[in-house]
>>> print(open('start34.json').read())   # JSON, C-alpha atoms
[["chain", "number", "residue", "atom", "x", "y", "z"],
["A", 5, "MET", "CA", 0.00, 0.00, 0.00],
["A", 6, "ALA", "CA", 1.39, 3.37, -0.99],
["A", 7, "ARG", "CA", 1.54, 5.82, 1.94],
["A", 8, "LYS", "CA", 1.34, 8.97, -0.15],
["A", 9, "MET", "CA", 0.21, 12.13, 1.57],
["A", 10, "ILE", "CA", -3.22, 13.43, 0.60],
["A", 11, "PHE", "CA", -3.39, 16.54, 2.80],
["A", 12, "ASP", "CA", -1.91, 18.18, 5.89],
["A", 13, "VAL", "CA", -3.81, 19.15, 9.01],
["A", 14, "GLU", "CA", -2.41, 22.01, 11.06],
["A", 15, "PHE", "CA", -3.80, 23.86, 14.06],
["A", 16, "ARG", "CA", -2.43, 26.63, 16.22],
["A", 17, "SER", "CA", -3.90, 26.93, 19.72],
["A", 18, "TYR", "CA", -3.38, 29.67, 22.26],
["A", 19, "GLY", "CA", -4.61, 29.69, 25.86],
["A", 20, "VAL", "CA", -4.80, 32.48, 28.41],
["A", 21, "CYS", "CA", -5.74, 32.36, 32.11],
["A", 22, "VAL", "CA", -8.94, 34.05, 33.25],
["A", 23, "GLY", "CA", -10.26, 33.70, 36.82],
["A", 24, "LYS", "CA", -9.10, 31.10, 39.34],
["A", 25, "LEU", "CA", -8.66, 28.06, 37.06],
["A", 26, "ARG", "CA", -10.54, 29.14, 33.92],
["A", 27, "ASN", "CA", -8.61, 29.04, 30.67],
["A", 28, "GLU", "CA", -9.73, 30.52, 27.36],
["A", 29, "VAL", "CA", -8.26, 28.53, 24.49],
["A", 30, "THR", "CA", -8.43, 29.90, 20.95],
["A", 31, "ASN", "CA", -7.93, 27.24, 18.28],
["A", 32, "GLU", "CA", -7.07, 28.33, 14.75],
["A", 33, "ALA", "CA", -7.25, 25.78, 11.94],
["A", 34, "LEU", "CA", -4.64, 26.68, 9.32],
["A", 35, "THR", "CA", -5.13, 23.77, 6.92],
["A", 36, "PRO", "CA", -7.04, 22.02, 5.27],
["A", 37, "PHE", "CA", -9.75, 24.49, 6.35],
["A", 38, "GLN", "CA", -9.62, 27.80, 8.17],
["A", 39, "VAL", "CA", -11.54, 28.58, 11.32],
["A", 40, "ARG", "CA", -10.79, 30.38, 14.56],
["A", 41, "ARG", "CA", -12.91, 29.88, 17.67],
["A", 42, "MET", "CA", -12.45, 30.15, 21.45],
["A", 43, "LEU", "CA", -13.41, 27.41, 23.92],
["A", 44, "PRO", "CA", -13.25, 27.99, 27.70],
["A", 45, "THR", "CA", -12.25, 25.36, 30.31],
["A", 46, "ASP", "CA", -12.70, 25.49, 34.07],
["A", 47, "GLU", "CA", -12.68, 23.18, 37.10],
["A", 48, "GLY", "CA", -15.32, 22.50, 39.74],
["A", 49, "LEU", "CA", -15.54, 24.43, 43.01],
["A", 50, "PHE", "CA", -13.87, 21.78, 45.18],
["A", 51, "GLN", "CA", -10.85, 21.70, 42.84],
["A", 52, "GLY", "CA", -10.44, 25.44, 43.24],
["A", 53, "GLY", "CA", -12.24, 26.43, 40.04],
["A", 54, "GLU", "CA", -15.47, 28.31, 39.52],
["A", 55, "ASN", "CA", -17.36, 25.80, 37.35],
["A", 56, "THR", "CA", -17.92, 28.34, 34.55],
["A", 57, "ALA", "CA", -17.12, 25.85, 31.75],
["A", 58, "PRO", "CA", -16.46, 22.13, 31.13],
["A", 59, "THR", "CA", -13.20, 20.58, 32.34],
["A", 60, "PRO", "CA", -10.30, 19.87, 29.96],
["A", 61, "LEU", "CA", -10.93, 16.09, 30.05],
["A", 62, "GLU", "CA", -14.52, 16.64, 28.85],
["A", 63, "TYR", "CA", -13.14, 18.52, 25.84],
["A", 64, "PHE", "CA", -10.52, 15.85, 25.23],
["A", 65, "LEU", "CA", -13.08, 12.99, 25.29],
["A", 66, "THR", "CA", -15.51, 14.97, 23.10],
["A", 67, "GLY", "CA", -12.67, 15.29, 20.60],
["A", 68, "LEU", "CA", -12.07, 11.52, 20.65],
["A", 69, "VAL", "CA", -15.71, 10.41, 20.43],
["A", 70, "GLY", "CA", -16.71, 13.18, 18.02],
["A", 71, "CYS", "CA", -13.80, 12.53, 15.64],
["A", 72, "LEU", "CA", -14.45, 8.78, 15.48],
["A", 73, "MET", "CA", -18.20, 9.32, 14.90],
["A", 74, "THR", "CA", -17.47, 11.81, 12.12],
["A", 75, "GLN", "CA", -15.03, 9.41, 10.46],
["A", 76, "ILE", "CA", -17.52, 6.52, 10.65],
["A", 77, "ARG", "CA", -20.10, 8.65, 8.83],
["A", 78, "VAL", "CA", -17.60, 9.95, 6.24],
["A", 79, "CYS", "CA", -16.19, 6.44, 5.63],
["A", 80, "ALA", "CA", -19.70, 4.95, 5.38],
["A", 81, "ARG", "CA", -20.44, 7.35, 2.52],
["A", 82, "GLN", "CA", -17.13, 6.57, 0.80],
["A", 83, "LEU", "CA", -17.49, 2.77, 1.21],
["A", 84, "SER", "CA", -21.23, 2.84, 0.36],
["A", 85, "VAL", "CA", -22.11, 1.14, 3.64],
["A", 86, "ASP", "CA", -25.57, 2.06, 4.87],
["A", 87, "VAL", "CA", -25.41, 3.24, 8.51],
["A", 88, "ALA", "CA", -28.21, 4.50, 10.78],
["A", 89, "ASP", "CA", -28.63, 5.17, 14.51],
["A", 90, "LEU", "CA", -24.87, 5.38, 15.10],
["A", 91, "GLU", "CA", -23.92, 5.69, 18.76],
["A", 92, "VAL", "CA", -20.39, 5.68, 20.18],
["A", 93, "GLY", "CA", -19.56, 5.31, 23.85],
["A", 94, "CYS", "CA", -16.18, 5.49, 25.56],
["A", 95, "ASN", "CA", -15.05, 4.50, 29.05],
["A", 96, "ALA", "CA", -11.79, 6.29, 29.85],
["A", 97, "LYS", "CA", -9.60, 5.69, 32.89],
["A", 98, "TRP", "CA", -6.52, 7.32, 34.32],
["A", 99, "GLU", "CA", -4.65, 6.97, 37.61],
["A", 100, "ALA", "CA", -2.95, 9.72, 39.58],
["A", 101, "LEU", "CA", 0.24, 8.27, 41.07],
["A", 102, "ARG", "CA", 2.44, 9.73, 43.76],
["A", 103, "ASP", "CA", 5.14, 12.08, 42.42],
["A", 104, "ALA", "CA", 8.38, 13.05, 44.16],
["A", 105, "VAL", "CA", 8.00, 16.76, 43.34],
["A", 106, "GLY", "CA", 4.54, 17.67, 42.03],
["A", 107, "PRO", "CA", 1.03, 16.80, 43.25],
["A", 108, "TYR", "CA", 0.82, 13.54, 41.23],
["A", 109, "GLN", "CA", 1.77, 11.79, 38.00],
["A", 110, "ALA", "CA", -0.98, 11.15, 35.49],
["A", 111, "ARG", "CA", -1.06, 7.59, 34.11],
["A", 112, "PRO", "CA", -3.56, 6.69, 31.38],
["A", 113, "VAL", "CA", -5.05, 3.22, 31.99],
["A", 114, "GLY", "CA", -7.15, 2.70, 28.87],
["A", 115, "PHE", "CA", -9.99, 3.62, 26.57],
["A", 116, "ASP", "CA", -12.87, 1.20, 25.85],
["A", 117, "ILE", "CA", -14.86, 2.31, 22.82],
["A", 118, "ASN", "CA", -18.32, 0.87, 22.16],
["A", 119, "ILE", "CA", -19.90, 1.35, 18.73],
["A", 120, "SER", "CA", -23.53, 0.57, 17.98],
["A", 121, "LEU", "CA", -25.29, 1.03, 14.65],
["A", 122, "ILE", "CA", -28.03, -0.24, 12.37],
["A", 123, "SER", "CA", -27.05, -1.42, 8.86],
["A", 124, "ASP", "CA", -28.33, -3.54, 5.99],
["A", 125, "ALA", "CA", -24.73, -4.33, 4.97],
["A", 126, "PRO", "CA", -23.10, -7.72, 5.68],
["A", 127, "GLU", "CA", -21.39, -7.73, 9.09],
["A", 128, "GLU", "CA", -17.89, -8.12, 7.58],
["A", 129, "LYS", "CA", -18.51, -4.99, 5.50],
["A", 130, "VAL", "CA", -19.48, -3.10, 8.68],
["A", 131, "GLN", "CA", -16.31, -4.34, 10.40],
["A", 132, "GLU", "CA", -14.26, -3.15, 7.41],
["A", 133, "LEU", "CA", -15.97, 0.25, 7.74],
["A", 134, "ILE", "CA", -15.06, 0.50, 11.44],
["A", 135, "ALA", "CA", -11.44, -0.56, 10.78],
["A", 136, "ALA", "CA", -11.11, 2.14, 8.07],
["A", 137, "SER", "CA", -12.73, 4.72, 10.38],
["A", 138, "LYS", "CA", -10.26, 3.94, 13.19],
["A", 139, "ARG", "CA", -7.37, 4.49, 10.74],
["A", 140, "ALA", "CA", -8.94, 7.77, 9.56],
["A", 141, "CYS", "CA", -9.60, 9.15, 13.06],
["A", 142, "PHE", "CA", -6.99, 11.80, 13.87],
["A", 143, "VAL", "CA", -7.61, 11.61, 17.61],
["A", 144, "GLU", "CA", -7.58, 7.81, 17.88],
["A", 145, "ALA", "CA", -4.39, 7.66, 15.76],
["A", 146, "THR", "CA", -2.84, 10.16, 18.20],
["A", 147, "LEU", "CA", -3.81, 8.10, 21.25],
["A", 148, "ALA", "CA", -2.54, 4.90, 19.62],
["A", 149, "GLN", "CA", 1.08, 6.06, 19.32],
["A", 150, "ALA", "CA", 3.71, 7.73, 21.53],
["A", 151, "ASN", "CA", 3.78, 11.24, 20.06],
["A", 152, "ASP", "CA", 6.56, 13.70, 19.45],
["A", 153, "ILE", "CA", 5.87, 16.51, 21.97],
["A", 154, "THR", "CA", 8.30, 19.41, 22.37],
["A", 155, "HIS", "CA", 8.18, 22.26, 24.90],
["A", 156, "SER", "CA", 9.66, 25.70, 25.00],
["A", 157, "LEU", "CA", 9.58, 28.03, 28.02],
["A", 158, "ARG", "CA", 9.83, 31.82, 28.11],
["A", 159, "VAL", "CA", 10.14, 33.41, 31.57],
["A", 160, "ASN", "CA", 9.80, 37.18, 32.20],
["A", 161, "ASP", "CA", 9.75, 37.97, 28.47],
["A", 162, "GLY", "CA", 13.27, 36.52, 28.02],
["A", 163, "ASP", "CA", 14.35, 34.18, 25.22],
["A", 164, "ALA", "CA", 12.37, 30.98, 24.75],
["A", 165, "ILE", "CA", 14.42, 27.92, 25.75],
["A", 166, "ARG", "CA", 13.81, 24.27, 24.88],
["A", 167, "ILE", "CA", 12.98, 22.31, 28.04],
["B", 23, "MET", "CA", 10.23, 6.94, 43.97],
["B", 24, "ALA", "CA", 7.13, 5.07, 45.12],
["B", 25, "ARG", "CA", 4.43, 4.93, 42.44],
["B", 26, "LYS", "CA", 1.52, 4.58, 44.84],
["B", 27, "MET", "CA", -1.89, 5.51, 43.53],
["B", 28, "ILE", "CA", -3.45, 8.64, 44.96],
["B", 29, "PHE", "CA", -6.78, 8.62, 43.09],
["B", 30, "ASP", "CA", -8.55, 7.24, 40.02],
["B", 31, "VAL", "CA", -10.04, 9.29, 37.21],
["B", 32, "GLU", "CA", -12.92, 7.75, 35.28],
["B", 33, "PHE", "CA", -15.20, 9.17, 32.60],
["B", 34, "ARG", "CA", -18.02, 7.67, 30.58],
["B", 35, "SER", "CA", -18.81, 9.40, 27.29],
["B", 36, "TYR", "CA", -21.72, 8.79, 24.96],
["B", 37, "GLY", "CA", -22.25, 10.32, 21.53],
["B", 38, "VAL", "CA", -25.28, 10.40, 19.26],
["B", 39, "CYS", "CA", -25.64, 11.68, 15.68],
["B", 40, "VAL", "CA", -27.77, 14.73, 15.00],
["B", 41, "GLY", "CA", -27.91, 16.40, 11.58],
["B", 42, "LYS", "CA", -25.48, 15.77, 8.73],
["B", 43, "LEU", "CA", -22.20, 15.51, 10.68],
["B", 44, "ARG", "CA", -23.17, 16.97, 14.05],
["B", 45, "ASN", "CA", -22.53, 14.78, 17.10],
["B", 46, "GLU", "CA", -23.79, 15.42, 20.61],
["B", 47, "VAL", "CA", -21.36, 13.94, 23.13],
["B", 48, "THR", "CA", -22.39, 13.64, 26.78],
["B", 49, "ASN", "CA", -19.44, 13.22, 29.14],
["B", 50, "GLU", "CA", -20.05, 11.93, 32.65],
["B", 51, "ALA", "CA", -17.28, 12.17, 35.22],
["B", 52, "LEU", "CA", -17.62, 9.23, 37.64],
["B", 53, "THR", "CA", -14.55, 9.85, 39.83],
["B", 54, "PRO", "CA", -12.86, 11.81, 41.47],
["B", 55, "PHE", "CA", -15.70, 14.29, 40.91],
["B", 56, "GLN", "CA", -19.15, 13.93, 39.37],
["B", 57, "VAL", "CA", -20.44, 16.01, 36.52],
["B", 58, "ARG", "CA", -22.48, 15.35, 33.39],
["B", 59, "ARG", "CA", -22.53, 17.78, 30.47],
["B", 60, "MET", "CA", -23.12, 17.63, 26.72],
["B", 61, "LEU", "CA", -20.77, 19.12, 24.13],
["B", 62, "PRO", "CA", -21.69, 19.23, 20.41],
["B", 63, "THR", "CA", -19.26, 18.78, 17.50],
["B", 64, "ASP", "CA", -19.80, 19.56, 13.82],
["B", 65, "GLU", "CA", -17.82, 20.07, 10.60],
["B", 66, "GLY", "CA", -17.69, 22.99, 8.21],
["B", 67, "LEU", "CA", -19.94, 23.27, 5.15],
["B", 68, "PHE", "CA", -17.36, 22.12, 2.59],
["B", 69, "GLN", "CA", -16.71, 18.94, 4.62],
["B", 70, "GLY", "CA", -20.40, 18.14, 4.50],
["B", 71, "GLY", "CA", -21.27, 19.51, 7.94],
["B", 72, "GLU", "CA", -23.46, 22.43, 8.94],
["B", 73, "ASN", "CA", -20.95, 24.40, 11.06],
["B", 74, "THR", "CA", -23.24, 24.41, 14.11],
["B", 75, "ALA", "CA", -20.42, 23.66, 16.59],
["B", 76, "PRO", "CA", -16.61, 23.41, 16.83],
["B", 77, "THR", "CA", -14.83, 20.48, 15.15],
["B", 78, "PRO", "CA", -13.57, 17.48, 17.16],
["B", 79, "LEU", "CA", -9.91, 18.57, 16.80],
["B", 80, "GLU", "CA", -10.74, 21.95, 18.38],
["B", 81, "TYR", "CA", -12.14, 20.09, 21.40],
["B", 82, "PHE", "CA", -9.14, 17.76, 21.50],
["B", 83, "LEU", "CA", -6.62, 20.64, 21.45],
["B", 84, "THR", "CA", -8.62, 22.62, 24.03],
["B", 85, "GLY", "CA", -8.37, 19.55, 26.27],
["B", 86, "LEU", "CA", -4.59, 19.41, 25.82],
["B", 87, "VAL", "CA", -3.86, 23.12, 26.29],
["B", 88, "GLY", "CA", -6.48, 23.57, 29.03],
["B", 89, "CYS", "CA", -5.28, 20.55, 31.03],
["B", 90, "LEU", "CA", -1.63, 21.64, 30.92],
["B", 91, "MET", "CA", -2.52, 25.22, 31.91],
["B", 92, "THR", "CA", -4.62, 23.96, 34.84],
["B", 93, "GLN", "CA", -1.81, 21.68, 36.02],
["B", 94, "ILE", "CA", 0.75, 24.51, 35.83],
["B", 95, "ARG", "CA", -1.46, 26.65, 38.06],
["B", 96, "VAL", "CA", -2.20, 23.79, 40.50],
["B", 97, "CYS", "CA", 1.49, 22.76, 40.65],
["B", 98, "ALA", "CA", 2.60, 26.40, 41.12],
["B", 99, "ARG", "CA", 0.44, 26.59, 44.24],
["B", 100, "GLN", "CA", 1.74, 23.25, 45.54],
["B", 101, "LEU", "CA", 5.40, 24.10, 44.85],
["B", 102, "SER", "CA", 5.02, 27.71, 46.05],
["B", 103, "VAL", "CA", 6.27, 29.08, 42.73],
["B", 104, "ASP", "CA", 4.86, 32.49, 41.94],
["B", 105, "VAL", "CA", 3.34, 32.52, 38.42],
["B", 106, "ALA", "CA", 1.55, 35.34, 36.58],
["B", 107, "ASP", "CA", 0.48, 36.00, 32.99],
["B", 108, "LEU", "CA", 0.63, 32.30, 32.05],
["B", 109, "GLU", "CA", 0.06, 31.66, 28.34],
["B", 110, "VAL", "CA", 0.30, 28.30, 26.59],
["B", 111, "GLY", "CA", 0.40, 27.85, 22.82],
["B", 112, "CYS", "CA", 0.42, 24.63, 20.81],
["B", 113, "ASN", "CA", 1.19, 23.94, 17.16],
["B", 114, "ALA", "CA", -0.30, 20.58, 16.19],
["B", 115, "LYS", "CA", 0.24, 18.76, 12.91],
["B", 116, "TRP", "CA", -1.18, 15.64, 11.34],
["B", 117, "GLU", "CA", -0.96, 14.12, 7.86],
["B", 118, "ALA", "CA", -3.68, 12.29, 5.97],
["B", 119, "LEU", "CA", -2.05, 9.43, 4.07],
["B", 120, "ARG", "CA", -3.52, 7.34, 1.29],
["B", 121, "ASP", "CA", -5.41, 4.28, 2.56],
["B", 122, "ALA", "CA", -6.19, 1.11, 0.61],
["B", 123, "VAL", "CA", -9.82, 0.96, 1.77],
["B", 124, "GLY", "CA", -10.96, 4.15, 3.51],
["B", 125, "PRO", "CA", -10.62, 7.84, 2.57],
["B", 126, "TYR", "CA", -7.21, 8.25, 4.30],
["B", 127, "GLN", "CA", -5.06, 7.24, 7.25],
["B", 128, "ALA", "CA", -4.46, 9.82, 9.96],
["B", 129, "ARG", "CA", -0.82, 10.18, 11.01],
["B", 130, "PRO", "CA", 0.08, 12.52, 13.89],
["B", 131, "VAL", "CA", 3.27, 14.46, 13.13],
["B", 132, "GLY", "CA", 3.87, 16.33, 16.39],
["B", 133, "PHE", "CA", 2.88, 18.83, 19.04],
["B", 134, "ASP", "CA", 5.02, 21.89, 19.81],
["B", 135, "ILE", "CA", 3.99, 23.46, 23.11],
["B", 136, "ASN", "CA", 5.11, 26.99, 24.00],
["B", 137, "ILE", "CA", 4.80, 28.20, 27.58],
["B", 138, "SER", "CA", 5.23, 31.82, 28.61],
["B", 139, "LEU", "CA", 4.93, 33.20, 32.15],
["B", 140, "ILE", "CA", 6.10, 35.87, 34.56],
["B", 141, "SER", "CA", 7.72, 34.72, 37.82],
["B", 142, "ASP", "CA", 9.96, 36.00, 40.61],
["B", 143, "ALA", "CA", 11.24, 32.45, 41.20],
["B", 144, "PRO", "CA", 14.70, 31.30, 40.02],
["B", 145, "GLU", "CA", 14.56, 29.91, 36.46],
["B", 146, "GLU", "CA", 15.48, 26.36, 37.58],
["B", 147, "LYS", "CA", 12.53, 26.43, 39.98],
["B", 148, "VAL", "CA", 10.25, 27.42, 37.09],
["B", 149, "GLN", "CA", 11.66, 24.59, 34.97],
["B", 150, "GLU", "CA", 10.99, 22.16, 37.84],
["B", 151, "LEU", "CA", 7.42, 23.47, 37.97],
["B", 152, "ILE", "CA", 6.91, 22.86, 34.25],
["B", 153, "ALA", "CA", 8.42, 19.36, 34.46],
["B", 154, "ALA", "CA", 6.06, 18.47, 37.34],
["B", 155, "SER", "CA", 3.09, 19.96, 35.45],
["B", 156, "LYS", "CA", 3.86, 17.85, 32.36],
["B", 157, "ARG", "CA", 3.88, 14.72, 34.53],
["B", 158, "ALA", "CA", 0.58, 15.78, 36.15],
["B", 159, "CYS", "CA", -1.20, 16.60, 32.87],
["B", 160, "PHE", "CA", -3.62, 13.76, 32.05],
["B", 161, "VAL", "CA", -3.86, 14.72, 28.39],
["B", 162, "GLU", "CA", -0.14, 15.18, 27.77],
["B", 163, "ALA", "CA", 0.56, 11.85, 29.54],
["B", 164, "THR", "CA", -1.97, 10.24, 27.20],
["B", 165, "LEU", "CA", -0.35, 11.71, 24.10],
["B", 166, "ALA", "CA", 3.13, 10.69, 25.29],
["B", 167, "GLN", "CA", 2.40, 6.95, 25.32],
["B", 168, "ALA", "CA", 0.82, 4.35, 23.03],
["B", 169, "ASN", "CA", -2.49, 3.73, 24.78],
["B", 170, "ASP", "CA", -4.56, 0.62, 25.33],
["B", 171, "ILE", "CA", -7.66, 1.19, 23.14],
["B", 172, "THR", "CA", -10.30, -1.53, 22.77],
["B", 173, "HIS", "CA", -13.37, -1.53, 20.53],
["B", 174, "SER", "CA", -16.64, -3.40, 20.58],
["B", 175, "LEU", "CA", -19.24, -3.33, 17.80],
["B", 176, "ARG", "CA", -22.96, -4.03, 18.02],
["B", 177, "VAL", "CA", -24.86, -4.22, 14.71],
["B", 178, "ASN", "CA", -28.67, -4.27, 14.45],
["B", 179, "ASP", "CA", -29.08, -4.64, 18.22],
["B", 180, "GLY", "CA", -27.25, -8.00, 18.20],
["B", 181, "ASP", "CA", -24.51, -9.02, 20.63],
["B", 182, "ALA", "CA", -21.52, -6.71, 21.01],
["B", 183, "ILE", "CA", -18.37, -8.28, 19.57],
["B", 184, "ARG", "CA", -14.74, -7.32, 20.15],
["B", 185, "ILE", "CA", -13.18, -5.99, 16.95]]
>>> encode(input="start34.json", output="structure tokens")
Amino acid sequence: MARKMIFDVEFRSYGVCVGKLRNEVTNEALTPFQVRRMLPTDEGLFQGGENTAPTPLEYFLTGLVGCLMTQIRVCARQLSVDVADLEVGCNAKWEALRDAVGPYQARPVGFDINISLISDAPEEKVQELIAASKRACFVEATLAQANDITHSLRVNDGDAIRI
Amino acid sequence: MARKMIFDVEFRSYGVCVGKLRNEVTNEALTPFQVRRMLPTDEGLFQGGENTAPTPLEYFLTGLVGCLMTQIRVCARQLSVDVADLEVGCNAKWEALRDAVGPYQARPVGFDINISLISDAPEEKVQELIAASKRACFVEATLAQANDITHSLRVNDGDAIRI
């Protein structure tokens, strides 16, 4: 199978702090489409937030479930597989482990994804659709591999350093 | 360093299809706090959506940036590091590669995270804060490893099968 590139996807996000633990994150899609929108996050009262917006993990899981559902519908059209009443559930678990310096270390445990749909197509055709949709899902592909994540830090308006 | 568990984090998410490519995803936090909220996703017009809500990747990136920002503020309090004017940016790239069956394969390229802040603390103390915050960030920890993702499929209200 040729692994030729069809298109790039690039986003630039930018978050600022507002209130106790509220963040306002502006996401700008640069390619293959252009859009710029702000989404706010917050934490509940007992975590020190003010509950003005959903928590970051709600956004993260909406991205995962929403992306997979979109891909299933797009792939169904492309593969001419009839799909109705699509529902996707996800059980997601993490552990917070003791850390020597900070409050805790986050450890992802796993993601169980449950797909339910109605279709006239043969079951093996539906399974082929789901397999193609998993490959096409940008978020699931990201969770399935150890990603290249770099950080730079700029303190007191000095030079940014790689950390 | 002991890796004793401090607490569990568990979410249950559930998405339904509404409109052409709109999804309504309800996320329920089970532990360590309880909350249940719905977030909608959609796609732009030229992708076949109706642009009624942000795209799944906007939610995903808001989860990443928002979680890291929250952890930096929580860790700063715990480590007694003074932090003001915190801003976090992220450049995120994926490629869509040719697929033998579906429309494309998603391949994550990388995430460049840029942190800017004002602090009276010594620079090495700020770097220690950022290192602890990265370890505490549930989303960044998820992106940094290849995760355990399982799928089950239920067609026409039959039995769910592992796929």
>>> closest_residue(input="start34.json", among="B:Val103, B:Leu90, B:Leu119, B:Ala51", to="chain A", atoms="all atoms listed in the file")
B:Leu119
>>> residues_around(input="start34.json", residues="Ser137 (chain A)", least_positions_apart="2", cutoff="9 Å", atoms="all atoms listed in the file", output="list in words")
Leu72, Met73, Thr74, Gln75, Ile76, Arg77, Val78, Cys79, Ala80, Glu132, Leu133, Ile134, Ala135, Arg139, Ala140 and Cys141 of chain A; Gly124, Pro125, Tyr126 and Gln127 of chain B
>>> write_last_selection(input="start34.json", atoms="C-alpha atoms", output="CSV table (one decimal), in the coordinates of the input")
chain,number,residue,atom,x,y,z
A,72,LEU,CA,-14.4,8.8,15.5
A,73,MET,CA,-18.2,9.3,14.9
A,74,THR,CA,-17.5,11.8,12.1
A,75,GLN,CA,-15.0,9.4,10.5
A,76,ILE,CA,-17.5,6.5,10.6
A,77,ARG,CA,-20.1,8.6,8.8
A,78,VAL,CA,-17.6,10.0,6.2
A,79,CYS,CA,-16.2,6.4,5.6
A,80,ALA,CA,-19.7,5.0,5.4
A,132,GLU,CA,-14.3,-3.2,7.4
A,133,LEU,CA,-16.0,0.2,7.7
A,134,ILE,CA,-15.1,0.5,11.4
A,135,ALA,CA,-11.4,-0.6,10.8
A,139,ARG,CA,-7.4,4.5,10.7
A,140,ALA,CA,-8.9,7.8,9.6
A,141,CYS,CA,-9.6,9.2,13.1
B,124,GLY,CA,-11.0,4.2,3.5
B,125,PRO,CA,-10.6,7.8,2.6
B,126,TYR,CA,-7.2,8.2,4.3
B,127,GLN,CA,-5.1,7.2,7.2
>>> atom_distance(input="start34.json", atom1="CA of Thr164 (chain B)", atom2="CA of Leu61 (chain A)")
11.1 Å
>>> residues_around(input="start34.json", residues="Ser123 (chain A)", least_positions_apart="6", cutoff="12 Å", atoms="only C-alpha atoms", output="list in words")
Ala80, Ser84, Val85, Asp86, Val87, Ala88, Asp89, Leu90, Lys129, Val130, Gln131 and Leu133 of chain A; Arg176, Val177, Asn178, Asp179 and Gly180 of chain B
>>> write_last_selection(input="start34.json", atoms="C-alpha atoms", output="tab-separated table (two decimals), in the frame of the given file")
chain	number	residue	atom	x	y	z
A	80	ALA	CA	-19.70	4.95	5.38
A	84	SER	CA	-21.23	2.84	0.36
A	85	VAL	CA	-22.11	1.14	3.64
A	86	ASP	CA	-25.57	2.06	4.87
A	87	VAL	CA	-25.41	3.24	8.51
A	88	ALA	CA	-28.21	4.50	10.78
A	89	ASP	CA	-28.63	5.17	14.51
A	90	LEU	CA	-24.87	5.38	15.10
A	129	LYS	CA	-18.51	-4.99	5.50
A	130	VAL	CA	-19.48	-3.10	8.68
A	131	GLN	CA	-16.31	-4.34	10.40
A	133	LEU	CA	-15.97	0.25	7.74
B	176	ARG	CA	-22.96	-4.03	18.02
B	177	VAL	CA	-24.86	-4.22	14.71
B	178	ASN	CA	-28.67	-4.27	14.45
B	179	ASP	CA	-29.08	-4.64	18.22
B	180	GLY	CA	-27.25	-8.00	18.20
>>> closest_atom_pairs(input="start34.json", of="region 130-185 of chain B", to="region 149-152 of chain A", cutoff="7 Å", atoms="only C-alpha atoms", output="Markdown table")
| residue | atom | partner | partner_atom | distance |
| --- | --- | --- | --- | --- |
| B:Gly132 | CA | A:Asp152 | CA | 4.8 |
| B:Phe133 | CA | A:Asp152 | CA | 6.3 |
| B:Leu165 | CA | A:Asn151 | CA | 5.8 |
| B:Ala166 | CA | A:Ala150 | CA | 4.8 |
| B:Gln167 | CA | A:Ala150 | CA | 4.1 |
| B:Ala168 | CA | A:Gln149 | CA | 4.1 |
| B:Asn169 | CA | A:Gln149 | CA | 6.9 |
>>> write_last_selection(input="start34.json", atoms="C-alpha atoms", output="mmCIF file, in the frame of the given file")
data_model
loop_
_atom_site.group_PDB
_atom_site.id
_atom_site.type_symbol
_atom_site.label_atom_id
_atom_site.label_comp_id
_atom_site.auth_asym_id
_atom_site.auth_seq_id
_atom_site.Cartn_x
_atom_site.Cartn_y
_atom_site.Cartn_z
ATOM 1 C CA GLY B 132 3.870 16.330 16.390
ATOM 2 C CA PHE B 133 2.880 18.830 19.040
ATOM 3 C CA LEU B 165 -0.350 11.710 24.100
ATOM 4 C CA ALA B 166 3.130 10.690 25.290
ATOM 5 C CA GLN B 167 2.400 6.950 25.320
ATOM 6 C CA ALA B 168 0.820 4.350 23.030
ATOM 7 C CA ASN B 169 -2.490 3.730 24.780
#
>>> residues_around(input="start34.json", residues="Gly37 (chain B)", least_positions_apart="2", cutoff="8 Å", atoms="all atoms listed in the file", output="PyMOL selection string")
(chain A and resi 69-70+73+91-93) or (chain B and resi 35+39+45-48)
>>> closest_residue(input="start34.json", among="A:Val39, A:Ile167, A:Val143, A:Met9", to="chain B", atoms="all atoms listed in the file")
A:Met9
>>> atom_distance(input="start34.json", atom1="CA of Gly23 (chain A)", atom2="CA of Asp46 (chain A)")
9.0 Å
>>> residues_near_point(input="start34.json", point="(-9.9, 24.5, 34.4)", cutoff="9 Å", atoms="all atoms listed in the file", output="number ranges by chain")
A: 24-27, 44-48, 51-60; B: 88-89, 91-93
>>> atom_distance(input="start34.json", atom1="CA of Leu83 (chain A)", atom2="CA of Phe15 (chain A)")
28.2 Å
>>> closest_residue(input="start34.json", among="A:Met42, A:Arg81, A:Glu32, A:Asp116", to="chain B", atoms="all atoms listed in the file")
A:Asp116
>>> residues_near_point(input="start34.json", point="(-0.5, 7.6, 2.4)", cutoff="10 Å", atoms="only C-alpha atoms", output="list in words")
Met5, Ala6, Arg7, Lys8, Met9, Ile10 and Phe11 of chain A; Glu117, Ala118, Leu119, Arg120, Asp121, Ala122, Tyr126, Gln127, Ala128 and Arg129 of chain B
>>> closest_residue(input="start34.json", among="B:Arg184, B:Lys115, B:Lys156, B:Arg58", to="chain A", atoms="only C-alpha atoms")
B:Lys115
>>> closest_residue(input="start34.json", among="B:Ile140, B:Leu61, B:Leu52, B:Val38", to="Ala96 (chain A)", atoms="all atoms listed in the file")
B:Leu52
